[in-house]
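Q: This is final.txt (compact mmCIF, C-alpha atoms).
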```
# COMPACT_ATOMS: atom_id res chain seq x y z
CA MET O 22 -9.38 -21.47 -21.02
CA ARG O 23 -11.94 -19.05 -19.62
CA ILE O 24 -11.50 -18.72 -15.85
CA LEU O 25 -13.71 -16.77 -13.46
CA HIS O 26 -12.48 -16.19 -9.90
CA LEU O 27 -14.97 -15.44 -7.12
CA LEU O 28 -13.84 -13.41 -4.09
CA ASN O 29 -15.60 -11.39 -1.42
CA ASP O 30 -13.48 -8.36 -2.38
CA VAL O 31 -10.11 -7.39 -3.84
CA ARG O 32 -8.97 -4.90 -1.21
CA GLU O 33 -5.28 -4.42 -0.47
CA ILE O 34 -5.42 -5.17 3.24
CA GLY O 35 -2.85 -7.93 3.64
CA ASN O 36 -5.40 -10.76 3.37
CA GLY O 37 -3.55 -13.87 2.19
CA ILE O 38 -6.58 -15.35 0.40
CA ILE O 39 -7.07 -12.19 -1.66
CA ASN O 40 -3.35 -11.86 -2.37
CA MET O 41 -3.06 -15.46 -3.54
CA ALA O 42 -6.15 -15.22 -5.76
CA VAL O 43 -5.00 -11.95 -7.34
CA ASP O 44 -1.55 -13.45 -8.02
CA LEU O 45 -3.15 -16.49 -9.61
CA ALA O 46 -5.55 -14.48 -11.78
CA CYS O 47 -2.78 -12.19 -13.08
CA THR O 48 -0.40 -15.06 -13.78
CA GLN O 49 -3.11 -17.00 -15.62
CA ALA O 50 -3.89 -13.94 -17.74
CA GLU O 51 -0.16 -13.59 -18.43
CA SER O 52 -0.25 -17.21 -19.67
CA ASN O 53 -2.84 -16.20 -22.32
CA HIS O 54 -5.98 -17.44 -20.58
CA THR O 55 -9.11 -15.30 -20.48
CA VAL O 56 -9.62 -14.38 -16.85
CA GLY O 57 -12.35 -12.55 -14.95
CA VAL O 58 -12.78 -11.71 -11.27
CA ALA O 59 -16.13 -11.16 -9.55
CA SER O 60 -16.14 -9.42 -6.17
CA SER O 61 -17.41 -6.34 -4.37
CA GLY O 62 -14.28 -4.54 -5.59
CA GLY O 63 -11.24 -2.87 -4.09
CA ASP O 64 -7.72 -1.55 -4.62
CA TYR O 65 -6.53 -4.43 -6.79
CA GLU O 66 -9.02 -3.62 -9.58
CA THR O 67 -6.34 -1.39 -11.13
CA LEU O 68 -3.78 -4.21 -11.15
CA LEU O 69 -6.29 -6.67 -12.58
CA SER O 70 -7.15 -4.24 -15.36
CA ARG O 71 -3.47 -3.86 -16.20
CA TYR O 72 -3.37 -7.61 -16.88
CA GLY O 73 -6.46 -7.45 -19.07
CA ILE O 74 -8.70 -9.03 -16.43
CA LYS O 75 -12.30 -7.84 -16.36
CA HIS O 76 -13.71 -7.18 -12.92
CA PHE O 77 -17.40 -7.82 -12.33
CA THR O 78 -19.13 -6.28 -9.32
CA LEU O 79 -20.66 -8.99 -7.14
CA ASN O 80 -21.75 -8.21 -3.59
CA GLN O 81 -21.85 -11.47 -1.59
CA THR O 82 -22.76 -9.95 1.78
CA ARG O 83 -24.66 -12.66 3.64
CA THR O 84 -28.04 -11.05 4.30
CA PRO O 85 -31.24 -12.61 2.92
CA ALA O 86 -32.13 -9.62 0.75
CA ASN O 87 -28.65 -9.23 -0.67
CA LEU O 88 -28.15 -12.93 -1.36
CA VAL O 89 -31.21 -12.90 -3.63
CA LYS O 90 -29.60 -10.04 -5.56
CA ALA O 91 -26.26 -11.88 -5.55
CA VAL O 92 -27.84 -14.94 -7.19
CA HIS O 93 -29.21 -12.87 -10.06
CA SER O 94 -25.97 -10.87 -10.39
CA TYR O 95 -23.84 -14.01 -10.45
CA GLN O 96 -26.03 -15.72 -13.04
CA ALA O 97 -25.83 -12.65 -15.29
CA ILE O 98 -22.01 -12.54 -14.90
CA ALA O 99 -21.65 -16.25 -15.74
CA LYS O 100 -23.93 -15.85 -18.77
CA GLU O 101 -21.84 -12.93 -20.05
CA PHE O 102 -18.41 -14.41 -19.29
CA GLN O 103 -19.15 -18.02 -20.29
CA PRO O 104 -16.47 -19.61 -18.08
CA ASP O 105 -14.95 -23.06 -18.44
CA ILE O 106 -13.92 -22.93 -14.76
CA VAL O 107 -15.29 -20.94 -11.86
CA HIS O 108 -12.73 -20.82 -9.06
CA ALA O 109 -14.26 -19.89 -5.69
CA HIS O 110 -11.87 -18.84 -2.93
CA MET O 111 -14.44 -18.30 -0.17
CA MET O 112 -17.47 -20.17 1.13
CA THR O 113 -20.23 -17.88 -0.17
CA GLY O 114 -18.94 -18.18 -3.72
CA VAL O 115 -18.98 -21.98 -3.56
CA ILE O 116 -22.58 -22.05 -2.35
CA LEU O 117 -23.63 -19.47 -4.92
CA VAL O 118 -22.26 -21.52 -7.81
CA LYS O 119 -23.16 -24.98 -6.49
CA PHE O 120 -26.83 -24.25 -6.08
CA PHE O 121 -27.46 -21.63 -8.76
CA ARG O 122 -25.43 -22.58 -11.85
CA GLY O 123 -28.39 -24.50 -13.23
CA HIS O 124 -27.53 -26.62 -16.25
CA ALA O 125 -24.40 -24.66 -17.18
CA SER O 126 -21.52 -26.90 -18.27
CA TYR O 127 -18.63 -25.18 -16.49
CA SER O 128 -16.81 -26.80 -13.57
CA LEU O 129 -16.44 -25.44 -10.05
CA VAL O 130 -13.10 -25.50 -8.22
CA SER O 131 -12.59 -24.23 -4.67
CA THR O 132 -9.44 -23.49 -2.69
CA VAL O 133 -9.39 -24.28 1.01
CA HIS O 134 -7.28 -21.65 2.75
CA ASN O 135 -8.53 -21.59 6.36
CA GLU O 136 -9.47 -25.22 6.97
CA PHE O 137 -9.61 -24.62 10.74
CA GLN O 138 -12.93 -22.81 10.25
CA ARG O 139 -15.93 -25.11 10.68
CA SER O 140 -17.52 -23.71 7.53
CA ALA O 141 -14.51 -24.84 5.46
CA ILE O 142 -16.20 -28.21 4.95
CA LEU O 143 -18.59 -26.43 2.56
CA MET O 144 -15.68 -25.88 0.17
CA GLY O 145 -16.04 -29.61 -0.53
CA LEU O 146 -19.23 -28.91 -2.49
CA ALA O 147 -17.03 -27.97 -5.47
CA ASP O 148 -16.20 -30.44 -8.26
CA GLY O 149 -12.54 -30.19 -7.30
CA VAL O 150 -10.96 -28.90 -4.09
CA ILE O 151 -7.47 -27.40 -3.90
CA ALA O 152 -5.66 -27.58 -0.55
CA VAL O 153 -2.83 -25.10 0.02
CA SER O 154 -0.75 -27.67 1.91
CA GLN O 155 -0.70 -31.40 2.53
CA ALA O 156 -1.68 -30.66 6.12
CA VAL O 157 -4.86 -28.96 4.89
CA ALA O 158 -5.64 -31.84 2.53
CA THR O 159 -5.23 -34.39 5.32
CA SER O 160 -7.48 -32.39 7.63
CA MET O 161 -10.19 -31.97 4.98
CA GLN O 162 -10.11 -35.66 4.14
CA GLN O 163 -10.55 -36.48 7.83
CA ARG O 164 -13.56 -34.17 7.83
CA GLY O 165 -15.21 -36.11 5.02
CA ILE O 166 -14.11 -34.67 1.69
CA PRO O 167 -13.31 -37.60 -0.66
CA ALA O 168 -9.62 -38.01 -1.41
CA GLN O 169 -10.29 -38.11 -5.17
CA LYS O 170 -11.69 -34.57 -4.97
CA LEU O 171 -8.64 -33.15 -3.22
CA HIS O 172 -5.61 -31.69 -5.00
CA VAL O 173 -2.61 -30.25 -3.16
CA VAL O 174 -1.16 -27.08 -4.66
CA LEU O 175 1.30 -25.60 -2.19
CA ASN O 176 1.16 -21.84 -1.85
CA GLY O 177 3.85 -19.65 -3.35
CA THR O 178 4.22 -15.92 -3.74
CA LEU O 179 7.64 -15.25 -5.24
CA GLY O 180 7.44 -13.27 -8.45
CA SER O 181 4.05 -11.90 -7.41
CA PRO O 182 2.62 -9.25 -9.74
CA ARG O 183 1.54 -7.36 -6.60
CA ASN O 184 5.11 -6.76 -5.42
CA ARG O 185 7.05 -3.76 -6.57
CA SER O 186 10.81 -3.99 -6.97
CA LEU O 187 12.37 -2.00 -4.16
CA PRO O 188 15.84 -0.45 -4.47
CA GLU O 189 18.27 -0.98 -1.61
CA SER O 190 17.98 2.71 -0.72
CA GLN O 191 14.37 2.11 0.41
CA SER O 192 15.33 -0.21 3.25
CA LEU O 193 14.05 0.96 6.62
CA PRO O 194 16.20 2.31 9.46
CA LEU O 195 15.00 -0.26 11.98
CA GLN O 196 16.83 -0.56 15.27
CA ARG O 197 18.95 -3.71 15.08
CA PRO O 198 18.95 -6.51 15.76
CA ALA O 199 15.34 -6.45 14.67
CA ILE O 200 12.82 -9.24 15.24
CA LEU O 201 9.81 -8.98 12.95
CA THR O 202 6.43 -10.54 12.39
CA VAL O 203 4.01 -9.70 9.59
CA ALA O 204 0.60 -11.07 10.52
CA GLY O 205 -2.98 -10.19 11.26
CA MET O 206 -3.44 -9.11 14.85
CA TYR O 207 -5.37 -12.22 15.91
CA GLN O 208 -4.89 -14.53 18.88
CA ARG O 209 -4.44 -17.49 16.50
CA LYS O 210 -1.36 -15.81 15.02
CA GLY O 211 0.45 -16.23 18.33
CA ILE O 212 1.16 -12.52 18.75
CA GLY O 213 0.69 -12.79 22.50
CA GLU O 214 3.23 -15.61 22.72
CA LEU O 215 5.69 -13.62 20.62
CA ILE O 216 5.43 -10.56 22.88
CA ASP O 217 5.83 -12.79 25.93
CA ALA O 218 8.91 -14.45 24.41
CA PHE O 219 10.41 -11.07 23.57
CA CYS O 220 9.90 -9.89 27.14
CA LYS O 221 11.75 -12.98 28.39
CA ILE O 222 14.86 -12.33 26.26
CA ALA O 223 14.91 -8.51 26.12
CA PRO O 224 16.85 -7.99 29.41
CA SER O 225 19.71 -10.17 28.11
CA PHE O 226 19.83 -8.38 24.73
CA PRO O 227 19.40 -4.64 25.43
CA SER O 228 19.70 -3.57 21.78
CA VAL O 229 17.10 -5.94 20.27
CA HIS O 230 13.72 -4.54 19.13
CA LEU O 231 10.45 -6.20 18.12
CA TYR O 232 8.38 -4.96 15.15
CA LEU O 233 4.81 -6.11 14.60
CA VAL O 234 3.37 -5.35 11.16
CA GLY O 235 -0.37 -5.84 10.65
CA ASN O 236 -3.83 -4.90 11.84
CA GLY O 237 -6.68 -6.89 13.31
CA PRO O 238 -9.39 -7.05 15.96
CA ASP O 239 -7.07 -8.15 18.79
CA LYS O 240 -4.49 -5.42 18.28
CA SER O 241 -5.56 -3.43 21.36
CA ILE O 242 -5.11 -6.54 23.51
CA PHE O 243 -1.54 -6.95 22.32
CA GLU O 244 -0.79 -3.25 22.71
CA ALA O 245 -1.98 -3.45 26.33
CA GLN O 246 0.20 -6.51 26.88
CA ALA O 247 3.23 -4.68 25.49
CA CYS O 248 2.53 -1.51 27.50
CA ALA O 249 2.36 -3.52 30.71
CA SER O 250 5.87 -4.90 30.12
CA SER O 251 9.17 -3.34 31.16
CA VAL O 252 10.34 -3.16 27.54
CA ALA O 253 7.35 -1.39 25.96
CA ASP O 254 9.66 1.16 24.32
CA ARG O 255 11.27 -1.66 22.30
CA ILE O 256 8.01 -3.14 20.97
CA HIS O 257 6.77 -1.34 17.86
CA PHE O 258 3.26 -1.73 16.38
CA GLU O 259 3.58 -0.67 12.75
CA GLY O 260 0.04 -1.37 11.52
CA PHE O 261 -0.76 -2.59 8.02
CA GLN O 262 2.01 -1.93 5.50
CA PRO O 263 1.37 -2.24 1.73
CA GLU O 264 5.07 -2.99 1.17
CA PRO O 265 6.07 -5.41 3.96
CA MET O 266 9.17 -6.43 1.99
CA ARG O 267 10.80 -3.20 3.20
CA TYR O 268 10.52 -4.53 6.75
CA LEU O 269 11.64 -8.03 5.78
CA HIS O 270 14.78 -6.73 4.06
CA SER O 271 15.58 -4.59 7.11
CA SER O 272 15.14 -7.29 9.78
CA ASP O 273 17.35 -10.02 11.19
CA ILE O 274 14.86 -12.58 12.46
CA PHE O 275 11.35 -13.24 11.20
CA VAL O 276 8.86 -14.99 13.50
CA LEU O 277 5.53 -16.63 12.68
CA ALA O 278 4.23 -17.91 16.01
CA SER O 279 0.81 -19.06 14.77
CA ARG O 280 -1.31 -21.50 16.72
CA GLN O 281 -2.99 -22.53 13.44
CA GLU O 282 -1.60 -21.83 9.96
CA PRO O 283 -2.64 -23.60 6.74
CA PHE O 284 0.60 -22.50 5.03
CA GLY O 285 1.81 -18.97 5.76
CA LEU O 286 2.43 -17.02 2.55
CA VAL O 287 4.66 -14.52 4.33
CA LEU O 288 7.20 -17.28 5.03
CA ALA O 289 8.06 -17.38 1.33
CA GLU O 290 8.70 -13.64 1.37
CA ALA O 291 10.75 -13.88 4.56
CA ARG O 292 12.85 -16.59 2.95
CA GLU O 293 13.41 -14.53 -0.18
CA ALA O 294 14.47 -11.56 1.97
CA GLY O 295 17.07 -13.71 3.74
CA CYS O 296 15.72 -13.49 7.29
CA ALA O 297 16.54 -16.14 9.83
CA ILE O 298 13.15 -17.70 10.55
CA VAL O 299 11.57 -19.07 13.71
CA ALA O 300 8.06 -20.47 13.32
CA SER O 301 5.52 -22.78 14.91
CA ASN O 302 5.70 -26.47 14.09
CA VAL O 303 2.04 -26.63 13.17
CA ASP O 304 -0.19 -27.36 10.15
CA GLY O 305 1.39 -26.25 6.84
CA ILE O 306 4.29 -24.24 8.30
CA PRO O 307 6.82 -27.11 8.15
CA GLU O 308 5.98 -27.55 4.45
CA ALA O 309 6.66 -23.86 3.82
CA LEU O 310 10.05 -24.22 5.55
CA ASP O 311 11.18 -27.43 3.84
CA GLN O 312 10.42 -29.45 6.98
CA GLY O 313 12.75 -27.32 9.11
CA GLU O 314 15.63 -27.04 6.65
CA ALA O 315 14.87 -23.36 6.01
CA GLY O 316 13.80 -22.25 9.49
CA ILE O 317 13.73 -23.22 13.15
CA LEU O 318 10.49 -24.93 14.19
CA VAL O 319 9.18 -24.59 17.75
CA PRO O 320 6.03 -25.91 19.45
CA PRO O 321 2.98 -23.63 19.11
CA CYS O 322 1.64 -21.80 22.18
CA ASP O 323 5.03 -22.15 23.91
CA SER O 324 6.57 -18.74 24.58
CA GLN O 325 9.53 -20.26 26.44
CA ALA O 326 10.52 -22.47 23.49
CA LEU O 327 10.17 -19.44 21.23
CA ALA O 328 12.30 -17.33 23.59
CA ASP O 329 14.98 -20.03 23.69
CA ALA O 330 15.16 -20.17 19.89
CA LEU O 331 15.42 -16.37 19.61
CA ALA O 332 18.11 -16.22 22.32
CA GLN O 333 20.07 -18.95 20.55
CA LEU O 334 20.21 -16.86 17.37
CA LEU O 335 20.91 -13.54 19.08
CA GLN O 336 23.82 -14.83 21.17
CA ALA O 337 25.51 -16.64 18.26
CA PRO O 338 26.00 -14.44 15.17
CA GLU O 339 27.39 -17.38 13.21
CA GLN O 340 24.17 -19.33 13.81
CA LEU O 341 22.09 -16.32 12.83
CA ASN O 342 24.01 -15.97 9.57
CA ASN O 343 23.76 -19.70 8.94
CA TRP O 344 19.97 -19.65 9.25
CA ARG O 345 19.76 -16.54 7.07
CA GLN O 346 21.59 -18.43 4.35
CA ARG O 347 19.52 -21.56 4.80
CA SER O 348 16.26 -19.64 4.40
CA GLN O 349 17.27 -18.57 0.88
CA LYS O 350 17.98 -22.07 -0.44
CA ASN O 351 15.51 -24.01 -2.60
CA LEU O 352 13.26 -21.05 -3.34
CA GLU O 353 12.25 -22.01 -6.88
CA TRP O 354 9.19 -24.03 -5.84
CA LEU O 355 7.72 -21.01 -4.03
CA SER O 356 7.03 -19.09 -7.24
CA VAL O 357 3.59 -17.93 -8.38
CA HIS O 358 4.29 -19.43 -11.80
CA ARG O 359 4.56 -22.94 -10.31
CA VAL O 360 1.27 -22.34 -8.47
CA CYS O 361 -0.32 -21.18 -11.74
CA GLN O 362 0.79 -24.24 -13.72
CA GLN O 363 -0.29 -26.72 -11.06
CA THR O 364 -3.66 -25.00 -10.67
CA LEU O 365 -4.25 -25.11 -14.42
CA ALA O 366 -3.49 -28.83 -14.30
CA VAL O 367 -6.18 -29.23 -11.63
CA TYR O 368 -8.65 -27.36 -13.84
CA GLU O 369 -7.91 -29.69 -16.76
CA LYS O 370 -8.37 -32.77 -14.61
CA VAL O 371 -11.65 -31.54 -13.13
CA ILE O 372 -13.00 -30.62 -16.58
CA GLN O 373 -12.03 -34.03 -17.96
CA GLU O 374 -13.61 -35.85 -15.02
CA LYS O 375 -16.83 -33.88 -15.56
CA ARG O 376 -16.85 -34.81 -19.26
CA ASN O 377 -16.24 -38.47 -18.43
CA GLY O 378 -19.10 -38.40 -15.93
CA GLU O 379 -21.44 -36.85 -18.49
CA CYS O 380 -20.47 -39.51 -21.04
CA ARG O 381 -21.21 -42.31 -18.54
CA ASN O 382 -24.60 -40.75 -17.76
CA PHE O 383 -25.52 -40.37 -21.43
```
Can you present the structure in this file as structure tokens?
A:
Amino acid sequence: MRILHLLNDVREIGNGIINMAVDLACTQAESNHTVGVASSGGDYETLLSRYGIKHFTLNQTRTPANLVKAVHSYQAIAKEFQPDIVHAHMMTGVILVKFFRGHASYSLVSTVHNEFQRSAILMGLADGVIAVSQAVATSMQQRGIPAQKLHVVLNGTLGSPRNRSLPESQSLPLQRPAILTVAGMYQRKGIGELIDAFCKIAPSFPSVHLYLVGNGPDKSIFEAQACASSVADRIHFEGFQPEPMRYLHSSDIFVLASRQEPFGLVLAEAREAGCAIVASNVDGIPEALDQGEAGILVPPCDSQALADALAQLLQAPEQLNNWRQRSQKNLEWLSVHRVCQQTLAVYEKVIQEKRNGECRNF
């Protein structure tokens, strides 16, 4: 099969959509499919090349002048590559293909990652729509995308071609016990609630430290919040880290306090690393944690509930160890190879449905 992925860029900045698409492209190429990626470029071009994936430069910046150029560039790329499937991971790519593929016979598949965005409904213009969790599929169906168009392929990142194997000697000398989050510095990620929860428990646990890995537009807000607390010296802003697994392997408790979260790729990595996990009971997070079997679920936007869960783990080492063990069970389904096979099955179904439709119209 000839598969062309469309992305805004392929920069290594911790963006889950980019990471998932790069994993999928590399794994498909490894499975002997012919794969291309069209984007404005970035760090992952080297990795894609290593897997025999051709990268096409496609600038999808949404300005009138550039979009005209993007239409012509995309049409030239599609003519050269001759795809069977074009897989668009972001809204601009879906619109570009939907309205400018002409009479080409290939099928268009989209993946809905951030369904909470109002523009996500435009992903439904594709012939087939992949939802990264059942929660996302349910939401998109409620917003008007026909059920027969929707296909659930749960996210998974274990065995990612992006990850480098790290020897034990490269673990980090974090101050323990260490509470960690790896997330974009956005309000929706619940960073403010996490800092508030940490401030509530810190006086009772004088050796515990909080590490926040990631960048984002709200980082200065959170830094000011931390500085205004009495435990600012125990809250560490680490910025973006290209190898977050070093932090995961060096931490005791991983927290994802999101207010909205379609799935949460990092939860798979936290589980693999054997962290005890506390996360919001919202959207796709329960699916990523086996409905609470692999991590403690707390209400979103509730710093007191989060503080109570953290205190429970910190004051009972046996419970902490129990949750660390539970997080590492049933990991097989979180692999990139499972995601690859299920996505290929969606492609086949969409292609067949398109053929059947053409036969009925003949």
Q: Considering all atoms listed in the file, state which residue in the set O:Ile166, O:Cys220, O:Val287, O:Leu25 is at the smallest distance from Lys100 (chain O).
A: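 Among O:Ile166, O:Cys220, O:Val287, O:Leu25, it is O:Leu25 that comes nearest to Lys100 (chain O).
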Q: Select, counting only C-alpha atoms, all protein, DNA and RNA residues no farther than 10 Å from (-0.9, -6.3, -5.7) in file coordinates, and express the selection as an mmCIF file with C-alpha atoms, in the coordinates of the input.
A:
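Result written to part-v4.cif:
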```cif
data_model
loop_
_atom_site.group_PDB
_atom_site.id
_atom_site.type_symbol
_atom_site.label_atom_id
_atom_site.label_comp_id
_atom_site.auth_asym_id
_atom_site.auth_seq_id
_atom_site.Cartn_x
_atom_site.Cartn_y
_atom_site.Cartn_z
ATOM 1 C CA VAL O 31 -10.110 -7.390 -3.840
ATOM 2 C CA ARG O 32 -8.970 -4.900 -1.210
ATOM 3 C CA GLU O 33 -5.280 -4.420 -0.470
ATOM 4 C CA GLY O 35 -2.850 -7.930 3.640
ATOM 5 C CA ILE O 39 -7.070 -12.190 -1.660
ATOM 6 C CA ASN O 40 -3.350 -11.860 -2.370
ATOM 7 C CA MET O 41 -3.060 -15.460 -3.540
ATOM 8 C CA VAL O 43 -5.000 -11.950 -7.340
ATOM 9 C CA ASP O 44 -1.550 -13.450 -8.020
ATOM 10 C CA CYS O 47 -2.780 -12.190 -13.080
ATOM 11 C CA ASP O 64 -7.720 -1.550 -4.620
ATOM 12 C CA TYR O 65 -6.530 -4.430 -6.790
ATOM 13 C CA GLU O 66 -9.020 -3.620 -9.580
ATOM 14 C CA THR O 67 -6.340 -1.390 -11.130
ATOM 15 C CA LEU O 68 -3.780 -4.210 -11.150
ATOM 16 C CA LEU O 69 -6.290 -6.670 -12.580
ATOM 17 C CA SER O 181 4.050 -11.900 -7.410
ATOM 18 C CA PRO O 182 2.620 -9.250 -9.740
ATOM 19 C CA ARG O 183 1.540 -7.360 -6.600
ATOM 20 C CA ASN O 184 5.110 -6.760 -5.420
ATOM 21 C CA ARG O 185 7.050 -3.760 -6.570
ATOM 22 C CA PRO O 263 1.370 -2.240 1.730
ATOM 23 C CA GLU O 264 5.070 -2.990 1.170
#
```
Q: For region 251-260 of chain O, list every protein, DNA or RNA residue within 10 Å, evaluated using all atoms listed in the file, and leave out those in the same chain fewer than 4 positions away; present the list as a ChimeraX atom specification.
A: /O:196,199-201,203-206,216,219-221,223-224,227-237,240,243-247,268
Q: Ranking O:Val115, O:Ala147, O:Met22, O:Ala99 by minimum distance to Lys375 (chain O) and counting all atoms listed in the file, which one comes first?
A: O:Ala147
Q: Of the candidates O:Leu146, O:Ala328, O:Ala309, O:Ile222, which one gets nearest to Pro167 (chain O) if we count only C-alpha atoms?
A: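 Using only C-alpha atoms, Pro167 (chain O) sits closest to O:Leu146.
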Q: With distances taken over only C-alpha atoms, which residue among O:Ser70, O:Gln155, O:Gln163, O:Ser128 lies nearest Leu175 (chain O)?
A: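 Among the listed residues, O:Gln155 lies closest to Leu175 (chain O).
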Q: Please identify all polymer residues within 8 Å of region 348-359 of chain O, counting all atoms listed in the file, omitting same-chain residues fewer than 4 positions from it, and present them as an mmCIF file with C-alpha atoms, keeping the file's coordinate frame.
A:
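Result file result-v7.cif:
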```
data_model
loop_
_atom_site.group_PDB
_atom_site.id
_atom_site.type_symbol
_atom_site.label_atom_id
_atom_site.label_comp_id
_atom_site.auth_asym_id
_atom_site.auth_seq_id
_atom_site.Cartn_x
_atom_site.Cartn_y
_atom_site.Cartn_z
ATOM 1 C CA ASP O 44 -1.550 -13.450 -8.020
ATOM 2 C CA LEU O 45 -3.150 -16.490 -9.610
ATOM 3 C CA THR O 48 -0.400 -15.060 -13.780
ATOM 4 C CA ASN O 176 1.160 -21.840 -1.850
ATOM 5 C CA GLY O 177 3.850 -19.650 -3.350
ATOM 6 C CA THR O 178 4.220 -15.920 -3.740
ATOM 7 C CA LEU O 179 7.640 -15.250 -5.240
ATOM 8 C CA GLY O 180 7.440 -13.270 -8.450
ATOM 9 C CA SER O 181 4.050 -11.900 -7.410
ATOM 10 C CA ALA O 289 8.060 -17.380 1.330
ATOM 11 C CA ALA O 291 10.750 -13.880 4.560
ATOM 12 C CA ARG O 292 12.850 -16.590 2.950
ATOM 13 C CA GLU O 293 13.410 -14.530 -0.180
ATOM 14 C CA ALA O 294 14.470 -11.560 1.970
ATOM 15 C CA GLY O 295 17.070 -13.710 3.740
ATOM 16 C CA CYS O 296 15.720 -13.490 7.290
ATOM 17 C CA ALA O 297 16.540 -16.140 9.830
ATOM 18 C CA ILE O 298 13.150 -17.700 10.550
ATOM 19 C CA LEU O 310 10.050 -24.220 5.550
ATOM 20 C CA GLU O 314 15.630 -27.040 6.650
ATOM 21 C CA ALA O 315 14.870 -23.360 6.010
ATOM 22 C CA GLY O 316 13.800 -22.250 9.490
ATOM 23 C CA TRP O 344 19.970 -19.650 9.250
ATOM 24 C CA GLN O 363 -0.290 -26.720 -11.060
#
```
Q: Closest to Ala326 (chain O) among O:Ile151, O:Ala218, O:Gln169, O:Ile34, using only C-alpha atoms?
A: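 That would be O:Ala218, the residue with the smallest distance to Ala326 (chain O).
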Q: Can you list, as a list in words, every protein, DNA or RNA residue that comes within 9 Å of Leu79 (chain O) when you count only C-alpha atoms, leaving out same-chain residues fewer than 3 positions away?
A: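 Answer for this query is Leu27, Leu28, Asn29, Asp30, Ala59, Ser60, Ser61, Gly62, Ala91, Ser94, Tyr95 and Ile98 of chain O.
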Q: Calculate how many Å separate CA of Asp304 (chain O) from CA of Glu369 (chain O), rounding to one decimal.
A: 28.1 Å
Q: Select, from O:Val303, O:Ala125, O:Ile116, O:Ala42, the residue with the minimum atom-to-atom distance to Gly211 (chain O), counting all atoms listed in the file.
A: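 Checking each candidate against Gly211 (chain O), we get O:Val303 as the closest.
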Q: How many Å separate CA of Arg280 (chain O) from CA of Ser241 (chain O)?
A: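 Atom-to-atom, CA of Arg280 (chain O) and CA of Ser241 (chain O) are spaced 19.1 Å apart.
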Q: Leaving out Gln162 (chain O) and any residue of its chain fewer than 3 positions from it, which residues lie within 12 Å of it when counting only C-alpha atoms, given as a ChimeraX atom specification?
A: /O:133,136,141-142,144-145,150-152,155-159,165-173
